[in-house]
file entry.cif (mmCIF, C-alpha atoms)
data_input
loop_
_atom_site.label_atom_id
_atom_site.label_comp_id
_atom_site.auth_asym_id
_atom_site.auth_seq_id
_atom_site.Cartn_x
_atom_site.Cartn_y
_atom_site.Cartn_z
CA MET A 1 24.01 -62.94 -4.74
CA LYS A 2 23.11 -65.65 -2.24
CA ILE A 3 19.79 -65.22 -0.44
CA THR A 4 19.43 -66.47 3.14
CA ALA A 5 16.31 -66.49 5.29
CA MET A 6 17.52 -66.17 8.90
CA TYR A 7 14.98 -66.05 11.70
CA TRP A 8 13.86 -66.75 15.25
CA SER A 9 10.30 -68.06 15.21
CA ALA A 10 8.88 -69.93 18.20
CA THR A 11 5.39 -70.45 16.76
CA GLY A 12 6.18 -70.19 13.04
CA THR A 13 4.73 -66.80 12.17
CA THR A 14 8.04 -65.00 11.67
CA GLN A 15 9.33 -67.96 9.69
CA LYS A 16 6.34 -67.82 7.36
CA ALA A 17 6.82 -64.17 6.41
CA VAL A 18 10.61 -64.31 6.15
CA ARG A 19 10.63 -67.41 3.97
CA ALA A 20 7.95 -65.97 1.66
CA ILE A 21 10.13 -62.92 1.05
CA ALA A 22 13.26 -65.01 0.52
CA GLN A 23 11.40 -67.36 -1.83
CA GLU A 24 10.36 -64.45 -4.02
CA LEU A 25 13.93 -63.16 -4.13
CA ASP A 26 15.36 -66.55 -5.11
CA ALA A 27 13.64 -69.93 -5.11
CA GLN A 28 16.99 -71.52 -4.18
CA TYR A 29 17.38 -69.50 -0.97
CA GLU A 30 19.06 -70.99 2.09
CA THR A 31 17.67 -70.98 5.63
CA PHE A 32 19.16 -70.50 9.06
CA ASP A 33 16.69 -70.97 11.90
CA PHE A 34 18.17 -69.87 15.24
CA THR A 35 15.04 -70.48 17.32
CA LEU A 36 16.43 -73.37 19.36
CA PRO A 37 19.41 -73.05 21.72
CA ALA A 38 21.69 -75.38 19.74
CA ALA A 39 21.53 -73.08 16.70
CA ARG A 40 22.68 -70.17 18.85
CA ALA A 41 25.69 -72.00 20.24
CA GLN A 42 28.01 -70.20 17.81
CA GLY A 43 27.90 -67.06 15.72
CA LYS A 44 27.07 -66.67 12.05
CA ALA A 45 28.99 -64.72 9.42
CA PHE A 46 28.10 -63.39 5.98
CA GLY A 47 29.91 -61.46 3.27
CA PRO A 48 29.42 -58.88 0.50
CA ASP A 49 27.71 -61.36 -1.85
CA ASP A 50 25.01 -62.25 0.68
CA VAL A 51 21.49 -60.87 1.05
CA VAL A 52 19.89 -61.84 4.35
CA VAL A 53 16.17 -61.63 5.08
CA PHE A 54 16.47 -61.37 8.86
CA GLY A 55 13.43 -61.91 11.05
CA THR A 56 12.50 -61.73 14.72
CA PRO A 57 9.20 -61.28 16.52
CA VAL A 58 8.36 -58.14 18.47
CA TYR A 59 7.99 -58.67 22.21
CA ALA A 60 6.66 -55.66 24.16
CA GLY A 61 7.44 -53.39 21.21
CA ARG A 62 11.09 -54.41 20.92
CA VAL A 63 13.41 -57.13 19.69
CA PRO A 64 13.21 -59.84 22.41
CA ASN A 65 15.92 -59.00 24.94
CA VAL A 66 16.90 -62.67 25.29
CA LEU A 67 18.15 -62.55 21.69
CA LEU A 68 20.39 -59.50 22.00
CA LYS A 69 23.50 -61.38 23.14
CA TYR A 70 23.25 -63.84 20.25
CA LEU A 71 22.43 -61.17 17.66
CA ALA A 72 25.67 -59.40 18.57
CA THR A 73 27.56 -62.46 17.27
CA VAL A 74 26.04 -62.32 13.77
CA GLU A 75 28.59 -60.67 11.45
CA GLY A 76 27.63 -58.88 8.25
CA HIS A 77 30.99 -58.03 6.65
CA GLY A 78 29.22 -55.91 4.04
CA ALA A 79 26.24 -58.20 3.39
CA LYS A 80 22.90 -56.64 2.53
CA ALA A 81 20.06 -57.24 4.97
CA ILE A 82 16.30 -56.87 5.07
CA PRO A 83 15.08 -56.65 8.69
CA VAL A 84 11.60 -58.14 9.17
CA VAL A 85 9.59 -58.19 12.39
CA LEU A 86 6.31 -59.87 13.32
CA PHE A 87 3.95 -58.28 15.85
CA GLY A 88 0.81 -59.62 17.46
CA ASN A 89 -1.72 -57.09 16.15
CA ARG A 90 -0.94 -54.38 18.71
CA ASN A 91 2.05 -52.42 17.35
CA PHE A 92 5.65 -53.06 16.39
CA ASP A 93 6.71 -49.84 18.18
CA ASP A 94 10.52 -49.69 17.90
CA GLY A 95 11.09 -53.36 17.10
CA LEU A 96 11.92 -52.79 13.44
CA ILE A 97 14.23 -49.83 13.87
CA GLU A 98 15.98 -51.68 16.71
CA LEU A 99 16.58 -54.72 14.51
CA ARG A 100 17.79 -52.47 11.69
CA ASP A 101 20.25 -50.73 14.00
CA ILE A 102 21.54 -54.05 15.36
CA LEU A 103 22.21 -55.30 11.84
CA GLU A 104 23.89 -52.04 10.82
CA ALA A 105 26.10 -52.18 13.91
CA ASN A 106 27.08 -55.73 12.95
CA GLY A 107 28.36 -54.74 9.52
CA PHE A 108 25.24 -55.28 7.41
CA HIS A 109 23.85 -52.74 4.95
CA THR A 110 20.07 -52.67 5.43
CA ILE A 111 18.23 -51.90 2.19
CA ALA A 112 14.54 -52.29 3.14
CA GLY A 113 12.41 -53.36 6.10
CA ALA A 114 8.98 -54.69 6.96
CA ALA A 115 6.67 -55.35 9.91
CA PHE A 116 4.09 -58.10 9.45
CA VAL A 117 1.26 -59.26 11.67
CA GLY A 118 1.25 -62.71 13.23
CA GLU A 119 -1.11 -64.46 15.61
CA HIS A 120 -0.29 -63.16 19.07
CA ALA A 121 1.79 -65.59 21.11
CA PHE A 122 -0.61 -65.39 24.06
CA SER A 123 -3.78 -65.85 22.05
CA ARG A 124 -5.58 -68.10 19.61
CA THR A 125 -8.01 -65.34 18.60
CA LEU A 126 -5.90 -62.17 18.32
CA ALA A 127 -4.79 -62.03 14.67
CA ALA A 128 -5.71 -65.71 14.43
CA GLY A 129 -4.18 -67.46 11.43
CA ARG A 130 -1.94 -64.60 10.45
CA PRO A 131 0.14 -64.08 8.45
CA ASP A 132 -2.74 -65.05 6.14
CA GLU A 133 -2.90 -65.13 2.35
CA ALA A 134 -3.44 -61.37 2.13
CA ASP A 135 -0.29 -60.87 4.20
CA MET A 136 1.61 -63.33 2.02
CA ALA A 137 0.55 -61.45 -1.09
CA LEU A 138 1.97 -58.26 0.42
CA ALA A 139 5.16 -60.12 1.37
CA ARG A 140 5.61 -61.23 -2.23
CA GLN A 141 4.93 -57.71 -3.54
CA PHE A 142 7.43 -56.31 -1.05
CA ALA A 143 10.03 -58.86 -2.14
CA ALA A 144 9.46 -58.04 -5.81
CA GLN A 145 10.15 -54.37 -5.08
CA VAL A 146 13.29 -55.26 -3.12
CA LYS A 147 14.45 -57.54 -5.93
CA ASP A 148 14.06 -54.73 -8.45
CA LYS A 149 16.11 -52.40 -6.26
CA LEU A 150 18.81 -55.03 -5.86
CA GLN A 151 19.01 -55.54 -9.61
CA THR A 152 19.12 -51.82 -10.39
CA GLY A 153 21.18 -50.76 -7.39
CA SER A 154 18.58 -48.11 -6.59
CA TYR A 155 18.34 -48.77 -2.87
CA THR A 156 19.62 -46.54 -0.08
CA THR A 157 21.16 -47.68 3.18
CA PRO A 158 20.51 -47.68 6.09
CA ALA A 159 16.89 -48.44 5.24
CA THR A 160 14.41 -45.82 6.37
CA VAL A 161 11.93 -47.50 8.72
CA GLU A 162 9.41 -46.43 11.33
CA GLY A 163 10.50 -46.08 14.95
CA CYS A 164 12.14 -43.80 17.47
CA THR A 165 15.75 -42.94 18.19
CA PRO A 166 16.71 -43.41 20.95
CA ILE A 167 14.74 -46.64 21.30
CA ARG A 168 11.84 -46.41 23.74
CA PRO A 169 11.52 -48.74 26.77
CA TYR A 170 9.74 -52.07 26.46
CA TYR A 171 5.95 -51.81 26.49
CA THR A 172 4.58 -52.33 30.01
CA PRO A 173 1.12 -53.86 30.46
CA ARG A 174 -1.01 -52.11 33.09
CA ASP A 175 -4.28 -52.74 34.85
CA ARG A 176 -7.21 -50.33 34.70
CA LYS A 177 -5.78 -48.32 37.57
CA GLY A 178 -2.54 -47.84 35.63
CA THR A 179 -0.54 -50.18 37.85
CA PRO A 180 2.13 -52.14 35.96
CA ILE A 181 1.53 -55.87 35.54
CA ASN A 182 4.70 -57.91 35.95
CA ILE A 183 4.57 -61.28 34.20
CA LEU A 184 8.32 -61.80 33.78
CA LYS A 185 8.45 -64.74 36.19
CA VAL A 186 5.23 -66.38 35.02
CA LYS A 187 5.70 -69.94 33.75
CA PRO A 188 3.32 -72.42 32.09
CA LYS A 189 1.64 -75.16 34.08
CA THR A 190 1.09 -78.76 32.94
CA ASP A 191 -2.10 -80.77 33.30
CA MET A 192 -0.54 -84.15 34.03
CA GLU A 193 -3.85 -85.92 33.40
CA LYS A 194 -3.64 -84.79 29.77
CA CYS A 195 0.13 -85.01 29.31
CA ASP A 196 1.33 -88.24 27.68
CA GLY A 197 5.05 -87.45 28.05
CA CYS A 198 5.71 -86.99 24.33
CA GLY A 199 8.38 -84.33 25.01
CA ILE A 200 7.29 -81.94 22.27
CA CYS A 201 7.08 -79.04 24.72
CA ALA A 202 10.73 -79.54 25.70
CA ASP A 203 11.80 -79.97 22.08
CA VAL A 204 10.22 -76.68 20.94
CA CYS A 205 11.15 -74.48 23.92
CA PRO A 206 13.53 -71.84 22.50
CA MET A 207 15.13 -71.33 25.89
CA GLY A 208 15.65 -75.02 26.63
CA SER A 209 13.81 -74.49 29.89
CA ILE A 210 11.50 -77.52 30.00
CA ASP A 211 12.63 -80.86 31.42
CA ARG A 212 11.90 -83.51 28.78
CA GLU A 213 11.49 -86.31 31.32
CA HIS A 214 9.44 -84.15 33.67
CA PRO A 215 7.60 -81.62 31.48
CA GLU A 216 5.86 -80.09 34.47
CA ILE A 217 9.27 -78.69 35.51
CA VAL A 218 10.28 -75.39 33.87
CA SER A 219 13.71 -74.87 35.37
CA GLY A 220 14.90 -72.02 33.16
CA ILE A 221 13.37 -68.71 32.16
CA CYS A 222 10.07 -68.52 30.28
CA ILE A 223 9.67 -65.77 27.70
CA LYS A 224 5.97 -66.47 27.14
CA CYS A 225 6.48 -67.38 23.46
CA CYS A 226 3.80 -70.04 24.08
CA ALA A 227 5.39 -72.55 21.72
CA CYS A 228 4.89 -75.28 24.33
CA GLU A 229 1.23 -74.40 24.82
CA LYS A 230 0.34 -74.03 21.14
CA LYS A 231 2.26 -77.09 19.96
CA CYS A 232 1.16 -79.51 22.69
CA PRO A 233 -1.00 -82.10 20.89
CA LYS A 234 -2.92 -82.89 24.10
CA GLY A 235 -3.59 -79.31 25.24
CA ALA A 236 -1.77 -80.06 28.49
CA LYS A 237 0.14 -76.76 28.77
CA TYR A 238 -1.62 -73.68 30.15
CA PHE A 239 -1.13 -70.43 32.04
CA ASP A 240 -3.18 -69.58 35.10
CA ASP A 241 -1.44 -66.46 36.45
CA ALA A 242 -4.06 -63.75 37.05
CA GLY A 243 -1.90 -60.91 35.71
CA TYR A 244 -1.04 -62.85 32.56
CA LEU A 245 -4.68 -63.75 31.91
CA TYR A 246 -5.80 -60.17 32.51
CA HIS A 247 -3.19 -58.84 30.07
CA LYS A 248 -4.15 -61.45 27.48
CA GLU A 249 -7.83 -60.52 27.74
CA GLU A 250 -7.10 -56.79 27.50
CA LEU A 251 -5.04 -57.35 24.35
CA GLU A 252 -7.81 -59.44 22.78
CA LEU A 253 -10.44 -56.82 23.61
CA GLY A 254 -8.40 -53.71 22.87
CA TYR A 255 -6.68 -54.75 19.65
CA ALA A 256 -9.28 -56.86 17.88
CA ARG A 257 -9.17 -54.69 14.72
CA ARG A 258 -7.18 -55.96 11.78
CA ALA A 259 -3.75 -54.39 11.92
CA GLU A 260 -1.91 -54.18 8.63
CA PRO A 261 1.74 -54.76 7.68
CA SER A 262 4.07 -51.80 7.25
CA LEU A 263 6.53 -51.97 4.36
CA PHE A 264 9.58 -49.78 3.85
CA VAL A 265 11.27 -50.11 0.49
#

call {"tool": "encode", "arguments": {"input": "entry.cif", "output": "C-alpha cells"}}
result
Amino acid sequence: MKITAMYWSATGTTQKAVRAIAQELDAQYETFDFTLPAARAQGKAFGPDDVVVFGTPVYAGRVPNVLLKYLATVEGHGAKAIPVVLFGNRNFDDGLIELRDILEANGFHTIAGAAFVGEHAFSRTLAAGRPDEADMALARQFAAQVKDKLQTGSYTTPATVEGCTPIRPYYTPRDRKGTPINILKVKPKTDMEKCDGCGICADVCPMGSIDREHPEIVSGICIKCCACEKKCPKGAKYFDDAGYLYHKEELELGYARRAEPSLFV
C-alpha cells in the first residue's frame, strides 16, 4: 500500500496532524498539498493500492465551501481514505461526516476518521499552539490503530464518525441580541508603514486574492483563513471590521476551555 498525506492547510495546523498520521502509517509516505491555487488546477486520482490521509479544516462547522468544487475532482477508484478535520476549539459539527461523505461519493472507502484541534484561524490565543505534543501523541496512537486494522483487514467502511445526516447549515455567528453577523465580505487591511513589500502575503493566500505588487489590494474573495496575517513577518496585515472583531472576541471568551480531539477507528 502507498500512503499519501493530502491536505488543505492555510496556517499549517491541518498539515501537522495529517502528516503525523501518515508518518506513523509509513515513514516513506508521499504528500499532496492543495492549499495554493496552482495545486488545484487539475484533479487528483488514486487507486485500490492507495491509502490517503485526507485533511481539511472546519470552517463554520463544515468543510470550507470554496473547496467543494475541487474536492469533486479527486477520484478514489477504490482507494482507502482516512478523513481528518481540524477545528478551532469550538466544534467540528458536521465537518468530518461531510468530508467522509465527499470521499465516499468520489470512490474512496473510508476506514477511520478524526477531528483534531488547531489554533483558531482568527486568533493567536484560542487553542494557541495546537495541535500540541499531546495532540500529536493522540495522532500517533490513532494511526497505530488504523495501521493494525489495515494489516488485519478488520476495518469497516464507510467509517462511522460523528455528525448529522442531512448535513446541517454552516454555523452562523450572532451578536448578543441574536442578530446574525455577516463577515463574508470582510477583507484584511494592510498597514503600509509596516509593509516592506516582501510578497509573502500574496504567496500564501490560498485563493490567490492578494496583489503581490500592491499587497494592500485584495481583489478576490477572502475566506478569513488569516494566512496572510499570521505569516506576515512585519505584522502589517490586520482586520478592523467591527463584526469580525466581535465574533473573534466572543469565540475567545466562550470557547477558552481545552477541546479534545475525537477519534473514530

call {"tool": "residues_around", "arguments": {"input": "entry.cif", "residues": "stretch 83-92 of chain A", "least_positions_apart": "4", "cutoff": "8 Å", "atoms": "all atoms listed in the file", "output": "MDAnalysis selection string"}}
result
chainID A and resid 13:14 18 53:59 61:62 96 99:100 103 110 112:121 126:127 251 255:259

call {"tool": "atom_distance", "arguments": {"input": "entry.cif", "atom1": "atom CA of A:Lys234", "atom2": "atom CA of A:Ala128"}}
result
19.9 Å

call {"tool": "resolve_selection", "arguments": {"input": "entry.cif", "expression": "the PyMOL selection byres ((chain A and resi 200-216) around 9)", "output": "MDAnalysis selection string"}}
result
chainID A and resid 8:11 34:37 66 188:192 195 197:199 217:223 225:229 231:233 237

call {"tool": "atom_distance", "arguments": {"input": "entry.cif", "atom1": "atom CA of A:Pro261", "atom2": "atom CA of A:Gly78"}}
result
27.7 Å

call {"tool": "closest_residue", "arguments": {"input": "entry.cif", "among": "A:Thr157, A:Thr172, A:Gln15, A:Gln42", "to": "A:Ala60", "atoms": "all atoms listed in the file"}}
result
A:Thr172

call {"tool": "resolve_selection", "arguments": {"input": "entry.cif", "expression": "the PyMOL selection byres ((chain A and resi 135) around 9)", "output": "ChimeraX atom specification"}}
result
/A:17,116-117,130-134,136-140,260-261

call {"tool": "atom_distance", "arguments": {"input": "entry.cif", "atom1": "atom CA of A:Val51", "atom2": "atom CA of A:Ala5"}}
result
8.7 Å

call {"tool": "resolve_selection", "arguments": {"input": "entry.cif", "expression": "the PyMOL selection byres ((chain A and resi 106) around 7)", "output": "VMD selection string"}}
result
chain A and resid 72 74 to 76 102 to 105 107 to 108

call {"tool": "residues_around", "arguments": {"input": "entry.cif", "residues": "A:Glu250", "least_positions_apart": "2", "cutoff": "12 Å", "atoms": "all atoms listed in the file", "output": "ChimeraX atom specification"}}
result
/A:90,122-123,126,173-176,181,243-248,252-256

call {"tool": "write_last_selection", "arguments": {"input": "entry.cif", "atoms": "C-alpha atoms", "output": "PDB file, in the frame of the given file"}}
result
ATOM      1  CA  ARG A  90      -0.940 -54.380  18.710  1.00  0.00           C
ATOM      2  CA  PHE A 122      -0.610 -65.390  24.060  1.00  0.00           C
ATOM      3  CA  SER A 123      -3.780 -65.850  22.050  1.00  0.00           C
ATOM      4  CA  LEU A 126      -5.900 -62.170  18.320  1.00  0.00           C
ATOM      5  CA  PRO A 173       1.120 -53.860  30.460  1.00  0.00           C
ATOM      6  CA  ARG A 174      -1.010 -52.110  33.090  1.00  0.00           C
ATOM      7  CA  ASP A 175      -4.280 -52.740  34.850  1.00  0.00           C
ATOM      8  CA  ARG A 176      -7.210 -50.330  34.700  1.00  0.00           C
ATOM      9  CA  ILE A 181       1.530 -55.870  35.540  1.00  0.00           C
ATOM     10  CA  GLY A 243      -1.900 -60.910  35.710  1.00  0.00           C
ATOM     11  CA  TYR A 244      -1.040 -62.850  32.560  1.00  0.00           C
ATOM     12  CA  LEU A 245      -4.680 -63.750  31.910  1.00  0.00           C
ATOM     13  CA  TYR A 246      -5.800 -60.170  32.510  1.00  0.00           C
ATOM     14  CA  HIS A 247      -3.190 -58.840  30.070  1.00  0.00           C
ATOM     15  CA  LYS A 248      -4.150 -61.450  27.480  1.00  0.00           C
ATOM     16  CA  GLU A 252      -7.810 -59.440  22.780  1.00  0.00           C
ATOM     17  CA  LEU A 253     -10.440 -56.820  23.610  1.00  0.00           C
ATOM     18  CA  GLY A 254      -8.400 -53.710  22.870  1.00  0.00           C
ATOM     19  CA  TYR A 255      -6.680 -54.750  19.650  1.00  0.00           C
ATOM     20  CA  ALA A 256      -9.280 -56.860  17.880  1.00  0.00           C
TER      21      ALA A 256
END

call {"tool": "axis_aligned_box", "arguments": {"input": "entry.cif", "around": "stretch 217-224 of chain A", "padding_each_side": "3 Å", "output": "JSON"}}
result
{"center_x": 10.4, "center_y": -72.2, "center_z": 31.3, "size_x": 14.9, "size_y": 18.9, "size_z": 14.4}

call {"tool": "residues_around", "arguments": {"input": "entry.cif", "residues": "A:Glu98", "least_positions_apart": "3", "cutoff": "8 Å", "atoms": "only C-alpha atoms", "output": "ChimeraX atom specification"}}
result
/A:62-63,94-95,101-102,167

call {"tool": "closest_residue", "arguments": {"input": "entry.cif", "among": "A:Leu71, A:Ile97, A:Ile21, A:Lys185", "to": "A:Glu162", "atoms": "only C-alpha atoms"}}
result
A:Ile97

call {"tool": "closest_residue", "arguments": {"input": "entry.cif", "among": "A:His109, A:Ile82, A:Gly235, A:Phe32", "to": "A:Ala143", "atoms": "all atoms listed in the file"}}
result
A:Ile82

call {"tool": "closest_residue", "arguments": {"input": "entry.cif", "among": "A:Val52, A:Ile111, A:Leu184, A:Ala79", "to": "A:Leu25", "atoms": "only C-alpha atoms"}}
result
A:Val52

call {"tool": "residues_near_point", "arguments": {"input": "entry.cif", "point": "(10.7, -57.8, -7.1)", "cutoff": "12 Å", "atoms": "only C-alpha atoms", "output": "list of chain:residue names"}}
result
A:Ile21, A:Ala22, A:Gln23, A:Glu24, A:Leu25, A:Asp26, A:Leu138, A:Ala139, A:Arg140, A:Gln141, A:Phe142, A:Ala143, A:Ala144, A:Gln145, A:Val146, A:Lys147, A:Asp148, A:Lys149, A:Leu150, A:Gln151, A:Thr152, A:Val265

call {"tool": "closest_residue", "arguments": {"input": "entry.cif", "among": "A:Ala236, A:Gly43, A:Ala20, A:Gly163", "to": "A:Asp196", "atoms": "all atoms listed in the file"}}
result
A:Ala236

call {"tool": "build_atoms", "arguments": {"input": "entry.cif", "residues": "stretch 236-247 of chain A", "atoms": "all heavy atoms", "output": "PDB file, in the frame of the given file"}}
result
ATOM      1  N   ALA A 236      -2.111 -79.893  27.080  1.00  0.00           N
ATOM      2  CA  ALA A 236      -1.770 -80.060  28.490  1.00  0.00           C
ATOM      3  C   ALA A 236      -1.092 -78.827  29.101  1.00  0.00           C
ATOM      4  O   ALA A 236      -1.039 -78.697  30.323  1.00  0.00           O
ATOM      5  CB  ALA A 236      -0.859 -81.275  28.668  1.00  0.00           C
ATOM      6  N   LYS A 237      -0.558 -77.942  28.272  1.00  0.00           N
ATOM      7  CA  LYS A 237       0.140 -76.760  28.770  1.00  0.00           C
ATOM      8  C   LYS A 237      -0.843 -75.590  28.874  1.00  0.00           C
ATOM      9  O   LYS A 237      -1.677 -75.365  27.980  1.00  0.00           O
ATOM     10  CB  LYS A 237       1.290 -76.379  27.846  1.00  0.00           C
ATOM     11  CG  LYS A 237       2.487 -77.316  27.907  1.00  0.00           C
ATOM     12  CD  LYS A 237       3.237 -77.169  29.214  1.00  0.00           C
ATOM     13  CE  LYS A 237       4.492 -78.024  29.220  1.00  0.00           C
ATOM     14  NZ  LYS A 237       5.195 -77.945  30.517  1.00  0.00           N
ATOM     15  N   TYR A 238      -0.720 -74.821  29.956  1.00  0.00           N
ATOM     16  CA  TYR A 238      -1.620 -73.680  30.150  1.00  0.00           C
ATOM     17  C   TYR A 238      -0.989 -72.681  31.110  1.00  0.00           C
ATOM     18  O   TYR A 238      -0.035 -72.990  31.830  1.00  0.00           O
ATOM     19  CB  TYR A 238      -2.970 -74.149  30.689  1.00  0.00           C
ATOM     20  CG  TYR A 238      -2.917 -74.736  32.091  1.00  0.00           C
ATOM     21  CD1 TYR A 238      -3.231 -73.953  33.208  1.00  0.00           C
ATOM     22  CD2 TYR A 238      -2.532 -76.063  32.301  1.00  0.00           C
ATOM     23  CE1 TYR A 238      -3.166 -74.490  34.493  1.00  0.00           C
ATOM     24  CE2 TYR A 238      -2.467 -76.597  33.580  1.00  0.00           C
ATOM     25  CZ  TYR A 238      -2.785 -75.809  34.671  1.00  0.00           C
ATOM     26  OH  TYR A 238      -2.720 -76.321  35.935  1.00  0.00           O
ATOM     27  N   PHE A 239      -1.535 -71.472  31.097  1.00  0.00           N
ATOM     28  CA  PHE A 239      -1.130 -70.430  32.040  1.00  0.00           C
ATOM     29  C   PHE A 239      -2.326 -70.096  32.915  1.00  0.00           C
ATOM     30  O   PHE A 239      -3.450 -69.961  32.412  1.00  0.00           O
ATOM     31  CB  PHE A 239      -0.684 -69.172  31.292  1.00  0.00           C
ATOM     32  CG  PHE A 239       0.643 -69.307  30.585  1.00  0.00           C
ATOM     33  CD1 PHE A 239       0.706 -69.818  29.294  1.00  0.00           C
ATOM     34  CD2 PHE A 239       1.821 -68.914  31.199  1.00  0.00           C
ATOM     35  CE1 PHE A 239       1.920 -69.944  28.632  1.00  0.00           C
ATOM     36  CE2 PHE A 239       3.039 -69.036  30.558  1.00  0.00           C
ATOM     37  CZ  PHE A 239       3.086 -69.556  29.264  1.00  0.00           C
ATOM     38  N   ASP A 240      -2.072 -69.923  34.209  1.00  0.00           N
ATOM     39  CA  ASP A 240      -3.180 -69.580  35.100  1.00  0.00           C
ATOM     40  C   ASP A 240      -2.891 -68.342  35.953  1.00  0.00           C
ATOM     41  O   ASP A 240      -3.681 -67.983  36.828  1.00  0.00           O
ATOM     42  CB  ASP A 240      -3.528 -70.759  36.010  1.00  0.00           C
ATOM     43  CG  ASP A 240      -2.393 -71.152  36.952  1.00  0.00           C
ATOM     44  OD1 ASP A 240      -1.313 -70.530  36.890  1.00  0.00           O
ATOM     45  OD2 ASP A 240      -2.597 -72.091  37.749  1.00  0.00           O
ATOM     46  N   ASP A 241      -1.757 -67.663  35.700  1.00  0.00           N
ATOM     47  CA  ASP A 241      -1.440 -66.460  36.450  1.00  0.00           C
ATOM     48  C   ASP A 241      -2.459 -65.366  36.163  1.00  0.00           C
ATOM     49  O   ASP A 241      -2.766 -65.066  34.996  1.00  0.00           O
ATOM     50  CB  ASP A 241      -0.040 -65.967  36.075  1.00  0.00           C
ATOM     51  CG  ASP A 241       0.343 -64.701  36.803  1.00  0.00           C
ATOM     52  OD1 ASP A 241       0.727 -64.777  37.991  1.00  0.00           O
ATOM     53  OD2 ASP A 241       0.231 -63.613  36.178  1.00  0.00           O
ATOM     54  N   ALA A 242      -2.989 -64.741  37.200  1.00  0.00           N
ATOM     55  CA  ALA A 242      -4.060 -63.750  37.050  1.00  0.00           C
ATOM     56  C   ALA A 242      -3.611 -62.545  36.222  1.00  0.00           C
ATOM     57  O   ALA A 242      -4.363 -62.045  35.375  1.00  0.00           O
ATOM     58  CB  ALA A 242      -4.551 -63.301  38.425  1.00  0.00           C
ATOM     59  N   GLY A 243      -2.391 -62.064  36.462  1.00  0.00           N
ATOM     60  CA  GLY A 243      -1.900 -60.910  35.710  1.00  0.00           C
ATOM     61  C   GLY A 243      -1.733 -61.231  34.235  1.00  0.00           C
ATOM     62  O   GLY A 243      -2.086 -60.424  33.363  1.00  0.00           O
ATOM     63  N   TYR A 244      -1.212 -62.400  33.954  1.00  0.00           N
ATOM     64  CA  TYR A 244      -1.040 -62.850  32.560  1.00  0.00           C
ATOM     65  C   TYR A 244      -2.393 -62.939  31.868  1.00  0.00           C
ATOM     66  O   TYR A 244      -2.565 -62.438  30.740  1.00  0.00           O
ATOM     67  CB  TYR A 244      -0.329 -64.196  32.546  1.00  0.00           C
ATOM     68  CG  TYR A 244      -0.246 -64.846  31.185  1.00  0.00           C
ATOM     69  CD1 TYR A 244       0.848 -64.639  30.367  1.00  0.00           C
ATOM     70  CD2 TYR A 244      -1.273 -65.672  30.717  1.00  0.00           C
ATOM     71  CE1 TYR A 244       0.927 -65.239  29.113  1.00  0.00           C
ATOM     72  CE2 TYR A 244      -1.200 -66.267  29.467  1.00  0.00           C
ATOM     73  CZ  TYR A 244      -0.104 -66.052  28.677  1.00  0.00           C
ATOM     74  OH  TYR A 244      -0.037 -66.638  27.439  1.00  0.00           O
ATOM     75  N   LEU A 245      -3.361 -63.574  32.517  1.00  0.00           N
ATOM     76  CA  LEU A 245      -4.680 -63.750  31.910  1.00  0.00           C
ATOM     77  C   LEU A 245      -5.389 -62.423  31.710  1.00  0.00           C
ATOM     78  O   LEU A 245      -6.076 -62.223  30.703  1.00  0.00           O
ATOM     79  CB  LEU A 245      -5.528 -64.694  32.759  1.00  0.00           C
ATOM     80  CG  LEU A 245      -5.009 -66.141  32.849  1.00  0.00           C
ATOM     81  CD1 LEU A 245      -5.874 -66.943  33.809  1.00  0.00           C
ATOM     82  CD2 LEU A 245      -4.982 -66.797  31.476  1.00  0.00           C
ATOM     83  N   TYR A 246      -5.207 -61.498  32.654  1.00  0.00           N
ATOM     84  CA  TYR A 246      -5.800 -60.170  32.510  1.00  0.00           C
ATOM     85  C   TYR A 246      -5.193 -59.458  31.298  1.00  0.00           C
ATOM     86  O   TYR A 246      -5.912 -58.882  30.464  1.00  0.00           O
ATOM     87  CB  TYR A 246      -5.563 -59.339  33.770  1.00  0.00           C
ATOM     88  CG  TYR A 246      -6.022 -57.910  33.634  1.00  0.00           C
ATOM     89  CD1 TYR A 246      -7.356 -57.551  33.852  1.00  0.00           C
ATOM     90  CD2 TYR A 246      -5.125 -56.902  33.259  1.00  0.00           C
ATOM     91  CE1 TYR A 246      -7.774 -56.235  33.707  1.00  0.00           C
ATOM     92  CE2 TYR A 246      -5.535 -55.587  33.111  1.00  0.00           C
ATOM     93  CZ  TYR A 246      -6.858 -55.253  33.339  1.00  0.00           C
ATOM     94  OH  TYR A 246      -7.267 -53.953  33.184  1.00  0.00           O
ATOM     95  N   HIS A 247      -3.870 -59.490  31.191  1.00  0.00           N
ATOM     96  CA  HIS A 247      -3.190 -58.840  30.070  1.00  0.00           C
ATOM     97  C   HIS A 247      -3.620 -59.449  28.737  1.00  0.00           C
ATOM     98  O   HIS A 247      -3.895 -58.722  27.772  1.00  0.00           O
ATOM     99  CB  HIS A 247      -1.678 -58.968  30.265  1.00  0.00           C
ATOM    100  CG  HIS A 247      -0.867 -58.348  29.174  1.00  0.00           C
ATOM    101  ND1 HIS A 247      -1.185 -57.145  28.579  1.00  0.00           N
ATOM    102  CD2 HIS A 247       0.281 -58.778  28.554  1.00  0.00           C
ATOM    103  CE1 HIS A 247      -0.286 -56.856  27.652  1.00  0.00           C
ATOM    104  NE2 HIS A 247       0.601 -57.838  27.615  1.00  0.00           N
TER     105      HIS A 247
END
